[in-house]
$ cat input.txt   # compact mmCIF, C-alpha atoms
# COMPACT_ATOMS: atom_id res chain seq x y z
CA MET A 184 37.79 -1.63 -5.52
CA ASN A 185 40.81 0.18 -6.86
CA PRO A 186 40.78 0.58 -10.65
CA ARG A 187 44.56 0.99 -10.71
CA HIS A 188 45.04 -2.57 -9.51
CA GLY A 189 42.89 -4.54 -11.89
CA GLY A 190 39.58 -3.23 -10.56
CA TRP A 191 38.50 -3.06 -14.20
CA LEU A 192 38.59 -6.87 -14.26
CA ILE A 193 36.12 -7.08 -11.36
CA GLY A 194 33.92 -4.44 -13.04
CA LEU A 195 34.03 -6.32 -16.34
CA SER A 196 33.18 -9.61 -14.63
CA VAL A 197 30.15 -7.95 -12.97
CA VAL A 198 28.98 -6.73 -16.41
CA VAL A 199 29.37 -10.28 -17.76
CA ALA A 200 27.45 -11.64 -14.76
CA MET A 201 24.60 -9.21 -15.45
CA THR A 202 24.51 -10.33 -19.08
CA LEU A 203 24.45 -13.99 -18.02
CA ALA A 204 21.64 -13.26 -15.57
CA ALA A 205 19.52 -11.85 -18.42
CA PHE A 206 20.69 -14.51 -20.90
CA GLN A 207 17.92 -15.98 -23.06
CA VAL A 208 18.75 -19.56 -24.06
CA PRO A 209 17.05 -20.78 -27.25
CA PHE A 210 15.43 -24.27 -27.53
CA VAL A 211 15.51 -24.86 -23.78
CA PRO A 212 12.42 -25.67 -21.70
CA ASN A 213 11.40 -23.03 -19.14
CA TRP A 214 11.97 -25.24 -16.10
CA LEU A 215 15.65 -25.58 -17.03
CA GLY A 216 15.91 -21.83 -16.48
CA TRP A 217 15.32 -22.53 -12.77
CA LEU A 218 18.86 -23.97 -12.67
CA ARG A 219 20.22 -20.55 -13.60
CA PRO A 220 22.74 -19.69 -10.87
CA GLU A 221 22.39 -16.43 -8.97
CA TRP A 222 25.39 -15.06 -10.88
CA GLY A 223 25.83 -11.99 -8.68
CA VAL A 224 26.13 -14.06 -5.50
CA VAL A 225 28.53 -16.53 -7.16
CA LEU A 226 30.71 -13.74 -8.55
CA PHE A 227 30.92 -11.66 -5.37
CA PHE A 228 31.67 -14.84 -3.40
CA PHE A 229 34.53 -15.58 -5.79
CA TRP A 230 36.00 -12.07 -5.68
CA THR A 231 35.63 -11.75 -1.91
CA VAL A 232 37.53 -15.00 -1.40
CA GLU A 233 40.19 -14.18 -4.01
CA ALA A 234 40.60 -10.45 -3.46
CA PRO A 235 38.84 -9.41 -0.24
CA SER A 236 40.30 -5.91 -0.28
CA ARG A 237 38.84 -5.13 -3.73
CA THR A 238 35.18 -5.91 -3.05
CA GLY A 239 32.79 -4.87 -0.36
CA VAL A 240 29.16 -4.91 0.68
CA VAL A 241 28.54 -1.46 -0.83
CA SER A 242 29.82 -2.38 -4.31
CA ALA A 243 27.85 -5.65 -4.14
CA TRP A 244 24.72 -3.75 -3.14
CA LEU A 245 25.18 -1.17 -5.93
CA ALA A 246 25.65 -3.94 -8.51
CA GLY A 247 22.40 -5.44 -7.22
CA LEU A 248 20.53 -2.32 -8.38
CA PHE A 249 21.50 -3.05 -11.99
CA PHE A 250 20.39 -6.69 -11.60
CA ASP A 251 17.05 -5.36 -10.30
CA VAL A 252 16.29 -3.23 -13.34
CA LEU A 253 17.50 -5.89 -15.77
CA LEU A 254 15.40 -8.63 -14.21
CA ASP A 255 12.32 -6.55 -13.36
CA ALA A 256 12.70 -6.88 -9.59
CA PRO A 257 11.96 -4.20 -6.97
CA LEU A 258 14.98 -1.91 -6.46
CA GLY A 259 17.14 -3.24 -3.63
CA SER A 260 15.94 -6.84 -3.76
CA HIS A 261 19.11 -8.25 -5.34
CA GLY A 262 21.35 -5.91 -3.36
CA ILE A 263 20.06 -7.25 -0.06
CA GLY A 264 21.20 -10.79 -0.94
CA PHE A 265 24.47 -9.69 -2.56
CA ALA A 266 25.41 -7.49 0.40
CA ALA A 267 24.53 -10.13 3.00
CA THR A 268 26.45 -12.95 1.26
CA THR A 269 29.43 -10.68 0.55
CA TYR A 270 29.51 -9.69 4.22
CA LEU A 271 29.42 -13.32 5.38
CA THR A 272 32.08 -14.32 2.84
CA ALA A 273 34.36 -11.49 3.95
CA ARG A 274 33.79 -12.43 7.60
CA PHE A 275 34.98 -16.01 7.02
CA GLN A 276 37.30 -15.26 4.08
CA SER A 277 40.49 -16.67 5.62
CA ARG A 278 38.77 -19.96 6.48
CA LEU A 279 37.04 -20.22 3.10
CA ALA A 280 40.29 -19.54 1.23
CA MET A 281 41.80 -22.67 2.83
CA ARG A 282 38.92 -24.93 1.82
CA THR A 283 38.84 -27.05 -1.33
CA LEU A 284 36.89 -25.97 -4.39
CA ALA A 285 34.22 -28.61 -3.69
CA GLN A 286 33.75 -27.40 -0.11
CA ARG A 287 33.43 -23.81 -1.30
CA ALA A 288 30.90 -24.93 -3.94
CA ILE A 289 28.79 -26.40 -1.11
CA VAL A 290 28.95 -23.04 0.71
CA VAL A 291 27.87 -21.31 -2.53
CA PHE A 292 24.95 -23.76 -2.79
CA GLY A 293 23.87 -22.85 0.73
CA MET A 294 24.20 -19.12 0.13
CA VAL A 295 22.30 -19.10 -3.18
CA THR A 296 19.55 -21.29 -1.70
CA ALA A 297 19.27 -18.96 1.31
CA VAL A 298 19.18 -15.90 -0.97
CA GLY A 299 16.45 -17.57 -3.06
CA LEU A 300 14.41 -18.16 0.07
CA LEU A 301 15.06 -14.58 1.21
CA ASN A 302 13.93 -13.16 -2.17
CA ALA A 303 10.83 -15.38 -2.14
CA THR A 304 9.95 -14.09 1.33
CA ILE A 305 10.51 -10.49 0.19
CA GLY A 306 8.31 -11.19 -2.85
CA LEU A 307 5.61 -12.47 -0.51
CA LEU A 308 5.83 -9.38 1.70
CA VAL A 309 6.14 -6.80 -1.09
CA ARG A 310 4.21 -8.30 -4.02
CA GLY A 311 2.09 -10.90 -2.31
CA ASP A 312 3.41 -13.91 -4.25
CA PHE A 313 5.88 -16.54 -3.05
CA VAL A 314 8.05 -17.80 -5.92
CA TRP A 315 10.83 -20.12 -4.80
CA ARG A 316 12.38 -22.37 -7.42
CA ALA A 317 13.35 -24.92 -4.73
CA PRO A 318 17.13 -25.42 -4.46
CA LEU A 319 17.59 -25.61 -8.23
CA ALA A 320 19.37 -22.24 -8.52
CA GLY A 321 21.67 -23.40 -5.71
CA ILE A 322 22.57 -26.53 -7.67
CA GLY A 323 23.24 -24.40 -10.76
CA ALA A 324 25.46 -22.09 -8.67
CA ALA A 325 27.34 -25.02 -7.10
CA ILE A 326 28.12 -26.28 -10.62
CA ALA A 327 28.97 -22.79 -11.96
CA TYR A 328 31.28 -21.79 -9.09
CA PRO A 329 34.11 -24.31 -9.68
CA VAL A 330 34.03 -23.55 -13.42
CA LEU A 331 34.23 -19.82 -12.71
CA ALA A 332 36.94 -20.29 -10.09
CA ILE A 333 39.13 -22.45 -12.35
CA ALA A 334 38.67 -20.09 -15.30
CA MET A 335 39.27 -16.90 -13.32
CA SER A 336 41.78 -17.76 -10.60
CA GLY A 337 44.83 -17.48 -12.84
CA VAL A 338 43.70 -14.20 -14.37
CA ALA A 339 42.73 -12.83 -10.97
CA ALA A 340 46.07 -13.70 -9.41
CA LYS A 341 47.95 -12.08 -12.30
CA ARG A 342 45.86 -8.93 -12.72
CA LEU A 343 45.07 -8.10 -9.12
CA ARG A 344 48.64 -8.36 -7.81
CA SER A 345 49.26 -5.05 -6.12
CA MET F 1366 27.18 -0.85 7.28
CA LEU F 1367 25.43 -4.11 6.42
CA THR F 1368 22.50 -3.29 8.69
CA ALA F 1369 22.18 0.15 7.09
CA LEU F 1370 22.14 -1.40 3.60
CA LEU F 1371 19.55 -3.99 4.61
CA VAL F 1372 17.26 -1.30 6.04
CA LEU F 1373 17.87 0.89 2.97
CA SER F 1374 17.05 -2.07 0.68
CA LEU F 1375 13.78 -2.79 2.46
CA GLY F 1376 12.88 0.91 2.36
CA ILE F 1377 13.50 1.44 -1.34
CA MET F 1378 11.86 -1.89 -2.18
CA LEU F 1379 8.65 -0.76 -0.53
CA VAL F 1380 8.84 2.72 -2.08
CA ASP F 1381 9.57 1.22 -5.52
CA GLU F 1382 6.67 -1.24 -5.30
CA LYS F 1383 4.05 1.02 -3.77
CA THR F 1384 4.86 4.39 -5.37
CA SER F 1385 6.32 5.78 -8.58
CA LEU F 1386 8.89 7.97 -6.79
CA LEU F 1387 11.82 5.86 -7.98
CA ARG F 1388 10.68 5.67 -11.60
CA GLY F 1389 13.35 8.21 -12.60
CA ALA F 1390 16.12 6.23 -10.90
CA ARG F 1391 14.93 3.00 -12.53
CA PHE F 1392 14.83 4.77 -15.91
CA VAL F 1393 18.47 5.89 -15.61
CA LEU F 1394 19.76 2.53 -14.29
CA TRP F 1395 17.84 0.54 -16.89
CA THR F 1396 18.96 2.82 -19.74
CA VAL F 1397 22.59 2.18 -18.72
CA ALA F 1398 21.99 -1.59 -18.44
CA SER F 1399 19.70 -2.02 -21.50
CA PRO F 1400 22.51 -2.82 -23.97
CA LEU F 1401 23.39 -5.88 -21.84
CA GLN F 1402 19.83 -7.10 -22.30
CA PHE F 1403 20.18 -6.88 -26.06
CA VAL F 1404 23.49 -8.78 -25.91
CA ALA F 1405 21.84 -11.43 -23.70
CA ASN F 1406 19.11 -11.85 -26.30
CA LEU F 1407 21.55 -12.48 -29.16
CA PRO F 1408 21.74 -16.29 -28.72
CA SER F 1409 17.97 -16.53 -28.76
CA LYS F 1410 17.81 -14.35 -31.85
CA ALA F 1411 20.58 -16.38 -33.51
CA GLY F 1412 18.75 -19.58 -32.55
CA GLY F 1413 15.66 -18.36 -34.37
CA ALA F 1414 17.76 -17.43 -37.41
CA VAL F 1415 19.44 -20.87 -37.43
CA GLY F 1416 16.03 -22.54 -37.14
CA ARG F 1417 14.77 -20.58 -40.12
CA THR F 1418 17.91 -21.37 -42.12
CA LEU F 1419 17.61 -25.07 -41.41
CA ALA F 1420 13.93 -25.19 -42.28
CA ASP F 1421 13.18 -27.41 -45.23
CA HIS F 1422 13.18 -25.61 -48.58
CA ASP F 1423 9.80 -27.03 -49.62
CA GLN F 1424 8.37 -26.11 -46.26
CA LEU F 1425 9.53 -22.51 -46.81
CA ARG F 1426 7.98 -22.45 -50.29
CA GLY F 1427 4.73 -23.71 -48.84
CA ARG F 1428 4.85 -21.09 -46.12
CA LEU F 1429 5.58 -18.38 -48.68
CA ALA F 1430 2.57 -19.46 -50.73
CA ASP F 1431 0.41 -19.42 -47.58
CA LEU F 1432 1.64 -15.95 -46.69
CA GLU F 1433 0.98 -14.66 -50.21
CA ARG F 1434 -2.57 -16.00 -50.02
CA GLU F 1435 -2.99 -14.42 -46.60
CA VAL F 1436 -1.68 -11.03 -47.82
CA LEU F 1437 -4.15 -11.15 -50.73
CA TYR F 1438 -7.00 -12.00 -48.38
CA LEU F 1439 -6.03 -9.27 -45.91
CA ARG F 1440 -5.70 -6.70 -48.72
CA GLY F 1441 -9.20 -7.60 -49.79
CA LEU F 1442 -10.44 -7.10 -46.26
CA LEU F 1443 -8.50 -3.86 -45.97
CA THR F 1444 -10.22 -2.41 -49.02
CA ARG F 1445 -13.53 -2.88 -47.26
CA HIS F 1446 -12.03 -1.78 -43.94
CA ASP F 1447 -10.87 1.53 -45.44
CA ALA F 1448 -14.37 2.23 -46.70
CA VAL F 1449 -15.84 1.43 -43.28
CA LEU F 1450 -13.12 3.49 -41.60
CA THR F 1451 -13.86 6.52 -43.75
CA GLU F 1452 -17.52 6.26 -42.93
CA ASN F 1453 -16.69 5.79 -39.26
CA VAL F 1454 -14.53 8.94 -39.24
CA ARG F 1455 -17.30 10.88 -40.90
CA LEU F 1456 -19.87 9.67 -38.37
CA ARG F 1457 -17.52 10.39 -35.45
CA GLU F 1458 -16.94 13.89 -36.77
CA LEU F 1459 -20.68 14.30 -36.91
CA TYR F 1460 -20.81 13.38 -33.25
CA GLU F 1461 -17.74 15.54 -32.50
CA SER F 1462 -15.97 12.55 -31.07
CA ARG F 1463 -12.28 12.94 -30.28
CA GLN F 1464 -11.71 9.22 -30.84
CA ARG F 1465 -8.87 8.58 -33.26
CA ALA F 1466 -9.78 6.38 -36.18
CA ARG F 1467 -6.37 4.88 -36.84
CA GLU F 1468 -3.58 4.33 -34.34
CA ASP F 1469 0.10 4.67 -35.15
CA MET F 1470 1.99 1.52 -34.32
CA LEU F 1471 5.56 0.56 -33.66
CA VAL F 1472 6.96 -2.91 -34.28
CA ALA F 1473 9.00 -4.12 -31.31
CA GLU F 1474 10.83 -7.34 -30.60
CA LEU F 1475 10.68 -9.32 -27.38
CA VAL F 1476 14.05 -9.60 -25.64
CA MET F 1477 13.17 -11.10 -22.27
CA VAL F 1478 10.34 -12.86 -20.45
CA SER F 1479 9.82 -12.55 -16.72
CA ALA F 1480 7.53 -14.80 -14.69
CA SER F 1481 6.75 -12.80 -11.57
CA PRO F 1482 5.04 -10.54 -12.44
CA LEU F 1483 4.22 -11.76 -15.95
CA THR F 1484 6.11 -9.25 -18.06
CA ILE F 1485 8.04 -9.13 -21.30
CA THR F 1486 10.85 -6.75 -22.20
CA LEU F 1487 10.81 -5.07 -25.62
CA ASP F 1488 13.72 -3.63 -27.60
CA LYS F 1489 12.05 -0.23 -28.01
CA GLY F 1490 11.95 2.52 -25.40
CA GLN F 1491 11.28 6.21 -24.90
CA LEU F 1492 13.62 7.19 -27.74
CA HIS F 1493 11.29 5.30 -30.10
CA GLY F 1494 8.14 6.92 -28.70
CA VAL F 1495 7.13 4.23 -26.22
CA ARG F 1496 5.44 5.57 -23.08
CA VAL F 1497 3.99 4.05 -19.93
CA GLY F 1498 0.34 3.13 -20.41
CA GLN F 1499 0.45 2.36 -24.13
CA ALA F 1500 -1.29 -0.80 -25.29
CA VAL F 1501 0.68 -3.64 -26.89
CA ILE F 1502 -0.90 -6.05 -29.37
CA ASP F 1503 0.15 -8.88 -31.63
CA SER F 1504 -1.49 -9.95 -34.88
CA ALA F 1505 -4.25 -11.77 -32.96
CA GLY F 1506 -5.16 -9.43 -30.15
CA LEU F 1507 -4.31 -7.49 -27.01
CA PHE F 1508 -1.00 -8.46 -25.42
CA GLY F 1509 -0.67 -6.09 -22.48
CA GLN F 1510 0.38 -2.59 -21.62
CA VAL F 1511 3.66 -0.77 -21.11
CA VAL F 1512 4.41 -0.36 -17.40
CA GLU F 1513 8.03 0.78 -17.45
CA THR F 1514 10.42 2.30 -19.96
CA SER F 1515 14.08 3.12 -20.31
CA ALA F 1516 15.47 5.14 -23.19
CA LEU F 1517 16.15 1.97 -25.18
CA ALA F 1518 13.78 -0.70 -23.85
CA SER F 1519 10.38 -1.09 -22.25
CA ARG F 1520 8.55 -3.57 -20.07
CA VAL F 1521 5.04 -4.80 -20.80
CA LEU F 1522 2.69 -6.30 -18.20
CA LEU F 1523 0.83 -9.17 -19.88
CA ILE F 1524 -2.97 -9.24 -19.75
CA THR F 1525 -2.74 -12.60 -17.96
CA ASP F 1526 -0.89 -11.17 -14.93
CA SER F 1527 -3.11 -11.16 -11.86
CA SER F 1528 -2.56 -7.43 -11.32
CA HIS F 1529 -3.79 -6.56 -14.81
CA SER F 1530 -7.37 -5.67 -15.66
CA VAL F 1531 -8.93 -4.59 -18.92
CA PRO F 1532 -12.47 -3.35 -19.66
CA VAL F 1533 -14.08 -5.56 -22.33
CA ARG F 1534 -17.36 -5.99 -24.15
CA VAL F 1535 -18.91 -9.09 -25.65
CA LEU F 1536 -18.90 -8.72 -29.42
CA ARG F 1537 -22.23 -10.59 -29.78
CA ASN F 1538 -24.37 -8.40 -27.53
CA ASP F 1539 -22.18 -5.51 -26.24
CA ALA F 1540 -22.39 -6.76 -22.64
CA ARG F 1541 -19.61 -5.13 -20.62
CA ALA F 1542 -17.25 -6.62 -18.03
CA ILE F 1543 -13.73 -6.42 -16.62
CA ALA F 1544 -11.24 -9.14 -17.64
CA ILE F 1545 -8.56 -9.90 -15.07
CA GLY F 1546 -5.47 -12.04 -15.55
CA ASP F 1547 -5.39 -15.33 -13.67
CA GLY F 1548 -1.63 -15.16 -13.13
CA GLU F 1549 -0.96 -18.08 -15.47
CA ASP F 1550 -2.11 -18.27 -19.08
CA GLY F 1551 -5.72 -17.10 -19.04
CA LEU F 1552 -8.14 -14.43 -17.89
CA ALA F 1553 -11.35 -14.34 -15.88
CA LEU F 1554 -14.33 -12.01 -16.01
CA LYS F 1555 -14.82 -10.24 -12.71
CA ASP F 1556 -18.16 -9.65 -10.97
CA VAL F 1557 -20.37 -10.72 -13.87
CA PRO F 1558 -23.96 -11.21 -12.67
CA THR F 1559 -25.42 -14.63 -13.45
CA THR F 1560 -28.18 -12.83 -15.33
CA LEU F 1561 -25.79 -11.34 -17.89
CA ASP F 1562 -25.88 -13.09 -21.26
CA VAL F 1563 -22.34 -14.47 -21.68
CA ARG F 1564 -21.83 -17.83 -23.41
CA GLU F 1565 -18.95 -20.14 -24.15
CA GLY F 1566 -17.30 -19.11 -27.43
CA ASP F 1567 -18.24 -15.44 -27.10
CA ARG F 1568 -15.53 -13.15 -28.42
CA LEU F 1569 -14.41 -10.29 -26.18
CA VAL F 1570 -12.90 -7.03 -27.41
CA THR F 1571 -11.59 -3.96 -25.60
CA SER F 1572 -14.46 -1.64 -24.75
CA GLY F 1573 -12.34 1.50 -24.55
CA PHE F 1574 -13.81 2.40 -21.16
CA GLY F 1575 -11.29 4.03 -18.87
CA ARG F 1576 -9.49 5.19 -22.02
CA ARG F 1577 -6.48 3.01 -21.21
CA PHE F 1578 -6.87 0.73 -24.22
CA PRO F 1579 -7.98 1.59 -27.73
CA THR F 1580 -11.44 0.29 -28.60
CA GLY F 1581 -12.12 -2.90 -30.50
CA TYR F 1582 -8.97 -5.02 -30.09
CA PRO F 1583 -9.68 -8.73 -29.54
CA VAL F 1584 -8.95 -9.76 -25.94
CA GLY F 1585 -10.02 -13.39 -25.94
CA VAL F 1586 -12.72 -16.02 -26.25
CA VAL F 1587 -14.95 -17.18 -23.39
CA GLU F 1588 -13.82 -20.68 -22.52
CA THR F 1589 -16.08 -21.73 -19.67
CA VAL F 1590 -19.11 -20.25 -17.93
CA ILE F 1591 -19.93 -21.80 -14.57
CA VAL F 1592 -23.03 -20.65 -12.74
CA ALA F 1593 -23.53 -22.01 -9.26
CA PRO F 1594 -27.18 -21.80 -8.18
CA ALA F 1595 -26.43 -19.98 -4.93
CA ASP F 1596 -23.96 -17.47 -6.38
CA LEU F 1597 -24.71 -13.95 -7.53
CA PHE F 1598 -21.78 -13.89 -9.92
CA ALA F 1599 -20.82 -16.29 -12.69
CA ASN F 1600 -17.38 -17.88 -12.85
CA ILE F 1601 -16.14 -17.15 -16.39
CA THR F 1602 -12.76 -18.04 -17.81
CA VAL F 1603 -11.32 -16.54 -20.98
CA ARG F 1604 -8.65 -17.81 -23.35
CA PRO F 1605 -6.49 -14.88 -24.58
CA ALA F 1606 -6.64 -14.09 -28.29
CA ALA F 1607 -2.98 -13.03 -28.48
CA ALA F 1608 -0.26 -15.67 -28.75
CA LEU F 1609 1.29 -14.60 -25.44
CA ASP F 1610 3.76 -17.47 -25.26
CA ARG F 1611 4.74 -17.54 -28.93
CA SER F 1612 4.86 -14.05 -30.47
CA ARG F 1613 8.36 -12.62 -30.72
CA GLN F 1614 7.26 -9.47 -32.48
CA VAL F 1615 4.51 -7.22 -31.19
CA LEU F 1616 3.03 -3.82 -31.97
CA VAL F 1617 3.03 -0.92 -29.53
CA VAL F 1618 0.00 1.28 -30.13
CA LEU F 1619 1.28 4.87 -30.17
CA ASP F 1620 -0.95 7.85 -30.53
CA ALA F 1621 -0.68 10.25 -33.45
CA ASN F 1622 2.27 12.10 -31.88
CA GLY F 1623 4.01 9.03 -30.52
CA THR F 1624 2.98 9.76 -26.95
CA ALA F 1625 0.86 7.95 -24.41
CA PRO F 1626 -2.88 7.80 -24.87
CA PRO F 1627 -5.06 9.82 -22.49
CA GLY F 1628 -4.98 8.43 -18.98
CA GLY F 1629 -1.76 6.68 -19.84
CA GLU F 1630 -1.07 5.13 -16.46
CA PRO F 1631 -0.93 1.39 -15.98
CA SER F 1632 -4.20 -0.20 -14.97
CA GLU F 1633 -5.01 -0.43 -11.30
CA PRO F 1634 -4.15 -3.70 -9.63
CA ALA F 1635 -7.08 -6.02 -9.53
CA GLY F 1636 -8.96 -6.86 -6.39

$ encode --input "input.txt" --output "structure tokens"
Amino acid sequence: MNPRHGGWLIGLSVVVAMTLAAFQVPFVPNWLGWLRPEWGVVLFFFWTVEAPSRTGVVSAWLAGLFFDVLLDAPLGSHGIGFAATTYLTARFQSRLAMRTLAQRAIVVFGMVTAVGLLNATIGLLVRGDFVWRAPLAGIGAAIAYPVLAIAMSGVAAKRLRS
Amino acid sequence: MLTALLVLSLGIMLVDEKTSLLRGARFVLWTVASPLQFVANLPSKAGGAVGRTLADHDQLRGRLADLEREVLYLRGLLTRHDAVLTENVRLRELYESRQRAREDMLVAELVMVSASPLTITLDKGQLHGVRVGQAVIDSAGLFGQVVETSALASRVLLITDSSHSVPVRVLRNDARAIAIGDGEDGLALKDVPTTLDVREGDRLVTSGFGRRFPTGYPVGVVETVIVAPADLFANITVRPAAALDRSRQVLVVLDANGTAPPGGEPSEPAG
């Protein structure tokens, strides 16, 4: 990402995503926390579709390291999902950009669900416990993505214009 | 590039989980990211403050009266405790024991709960004197031990996590055992012979063996004792003394100089 062309906005949004990932919601039952979207995946999907030249698998992977320490996960476990989904998004960026918001939200659902399954498998291999919160995080992400896209698209178009 | 990152991820994940080689890297990354954790905790903190503000006035007066009574009662106990403590110090000096009589403690607030493994994140880190291996308690008993620190925050493995073990003794008869977390909300006593005298309702405290935990902190109460005729070992479950799912403020047990106690490494994984 190039800081001279609004890269700061992407950086700031990653910081906000990290904060949201660690967000503690008062008066809410624990199971509702399972709906928490995988904010990193949602955000890198958004930026890769909107500004493919400003994001990449390396920056996604590096951001994953900060998610790891914040959420008490083994180093590299978030990066693996972020990098893989960013790569796939970049690969099909031109096709995804033409799809409707609802269709992209379905793709986000699939990606977050797959990442959840991947992380659960890694947890099983590395820590010996399989924790998969079913597709709930995917549903949360599919709801969060259109909100994020509507809120950010205008700003992104304005700030990232080269 | 993607393949290289995937291989690198798997490599560092294994190194991070199985060794402490990346502890320095985690420390730096977490220190940078810690302020975000505090920001993320603000709504929860504000929620608690709003709850307290909205609490009924009479209810608060009643609670204040209760607390005043409790302080009076505890002061009374403390008077006796100080006398016992003085005698204990004298006796320990007689036996040339290096055991400290009174631990320094640091009040810390919980900022995040994590389910796998069962950990909590505290708002105090190395800058405040927190070190890996230190015990964490609440007003009722042992909470866990510090397993990771950044400059500003620290992570505590709860005693109920399945990888956590703590040496205990039964208060009634000094019988010794190892209490291991069941991965949910309780503990179990490991490898206790059926001949050992442990009963339901027995109170367990830290034995101090292994020198990882200070001696005498309540760990829990024996909930069930199941002895199958053919088994060599009893199946004993323990209810933790600490309010693991309710306490928002805990105490980190520092040593006199604010450093880790002897043998200050996290306990070995169970099993």

$ residues_around --input "input.txt" --residues "F:Val1372" --least-positions-apart "5" --cutoff "9 Å" --atoms "all atoms listed in the file" --output "PyMOL selection string"
(chain A and resi 263) or (chain F and resi 1367+1377)

$ interface_residues --input "input.txt" --of "chain A" --to "chain F" --cutoff "8 Å" --atoms "only C-alpha atoms" --output "VMD selection string"
chain A and resid 198 201 to 203 205 to 210 240 to 241 244 248 to 249 252 to 255 257 to 260 262 to 263 266 to 267 270 309 to 310 314

$ write_last_selection --input "input.txt" --atoms "C-alpha atoms" --output "PDB file, keeping the file's coordinate frame"
ATOM      1  CA  VAL A 198      28.980  -6.730 -16.410  1.00  0.00           C
ATOM      2  CA  MET A 201      24.600  -9.210 -15.450  1.00  0.00           C
ATOM      3  CA  THR A 202      24.510 -10.330 -19.080  1.00  0.00           C
ATOM      4  CA  LEU A 203      24.450 -13.990 -18.020  1.00  0.00           C
ATOM      5  CA  ALA A 205      19.520 -11.850 -18.420  1.00  0.00           C
ATOM      6  CA  PHE A 206      20.690 -14.510 -20.900  1.00  0.00           C
ATOM      7  CA  GLN A 207      17.920 -15.980 -23.060  1.00  0.00           C
ATOM      8  CA  VAL A 208      18.750 -19.560 -24.060  1.00  0.00           C
ATOM      9  CA  PRO A 209      17.050 -20.780 -27.250  1.00  0.00           C
ATOM     10  CA  PHE A 210      15.430 -24.270 -27.530  1.00  0.00           C
ATOM     11  CA  VAL A 240      29.160  -4.910   0.680  1.00  0.00           C
ATOM     12  CA  VAL A 241      28.540  -1.460  -0.830  1.00  0.00           C
ATOM     13  CA  TRP A 244      24.720  -3.750  -3.140  1.00  0.00           C
ATOM     14  CA  LEU A 248      20.530  -2.320  -8.380  1.00  0.00           C
ATOM     15  CA  PHE A 249      21.500  -3.050 -11.990  1.00  0.00           C
ATOM     16  CA  VAL A 252      16.290  -3.230 -13.340  1.00  0.00           C
ATOM     17  CA  LEU A 253      17.500  -5.890 -15.770  1.00  0.00           C
ATOM     18  CA  LEU A 254      15.400  -8.630 -14.210  1.00  0.00           C
ATOM     19  CA  ASP A 255      12.320  -6.550 -13.360  1.00  0.00           C
ATOM     20  CA  PRO A 257      11.960  -4.200  -6.970  1.00  0.00           C
ATOM     21  CA  LEU A 258      14.980  -1.910  -6.460  1.00  0.00           C
ATOM     22  CA  GLY A 259      17.140  -3.240  -3.630  1.00  0.00           C
ATOM     23  CA  SER A 260      15.940  -6.840  -3.760  1.00  0.00           C
ATOM     24  CA  GLY A 262      21.350  -5.910  -3.360  1.00  0.00           C
ATOM     25  CA  ILE A 263      20.060  -7.250  -0.060  1.00  0.00           C
ATOM     26  CA  ALA A 266      25.410  -7.490   0.400  1.00  0.00           C
ATOM     27  CA  ALA A 267      24.530 -10.130   3.000  1.00  0.00           C
ATOM     28  CA  TYR A 270      29.510  -9.690   4.220  1.00  0.00           C
ATOM     29  CA  VAL A 309       6.140  -6.800  -1.090  1.00  0.00           C
ATOM     30  CA  ARG A 310       4.210  -8.300  -4.020  1.00  0.00           C
ATOM     31  CA  VAL A 314       8.050 -17.800  -5.920  1.00  0.00           C
TER      32      VAL A 314
END

$ atom_distance --input "input.txt" --atom1 "atom CA of A:Ala324" --atom2 "atom CA of A:Leu308"
25.6 Å

$ closest_residue --input "input.txt" --among "A:Trp217, A:Trp222, A:Phe313, A:Phe229" --to "A:Val199" --atoms "only C-alpha atoms"
A:Trp222

$ axis_aligned_box --input "input.txt" --around "stretch 266-283 of chain A" --padding-each-side "5 Å" --output "lines of an AutoDock Vina configuration file"
center_x = 33.2
center_y = -17.3
center_z = 3.1
size_x = 27.3
size_y = 29.6
size_z = 18.9

$ closest_residue --input "input.txt" --among "F:Val1617, F:Ala1599, F:Leu1442, F:Leu1450" --to "F:Lys1489" --atoms "all atoms listed in the file"
F:Val1617

$ residues_around --input "input.txt" --residues "A:Ala320" --least-positions-apart "2" --cutoff "9 Å" --atoms "all atoms listed in the file" --output "MDAnalysis selection string"
chainID A and resid 216:221 292 295:296 299 316:318 322:325

$ residues_around --input "input.txt" --residues "stretch 1569-1576 of chain F" --least-positions-apart "3" --cutoff "9 Å" --atoms "all atoms listed in the file" --output "ChimeraX atom specification"
/F:1506-1507,1531-1537,1539,1541-1542,1579-1587,1603,1606,1626-1629

$ closest_residue --input "input.txt" --among "F:Val1557, F:Val1511, F:Leu1425, F:Leu1616" --to "F:Leu1523" --atoms "all atoms listed in the file"
F:Val1511

$ residues_around --input "input.txt" --residues "F:Thr1559" --least-positions-apart "6" --cutoff "7 Å" --atoms "all atoms listed in the file" --output "PyMOL selection string"
chain F and resi 1592+1597-1599

$ atom_distance --input "input.txt" --atom1 "atom CA of A:Arg237" --atom2 "atom CA of A:Ala340"
12.6 Å

$ atom_distance --input "input.txt" --atom1 "atom CA of F:Asp1550" --atom2 "atom CA of F:Arg1564"
20.2 Å

$ residues_around --input "input.txt" --residues "A:Thr283" --least-positions-apart "4" --cutoff "12 Å" --atoms "all atoms listed in the file" --output "list in words"
Arg278, Leu279, Arg287, Ala288, Ile289, Val290, Pro329, Ala332 and Ile333 of chain A
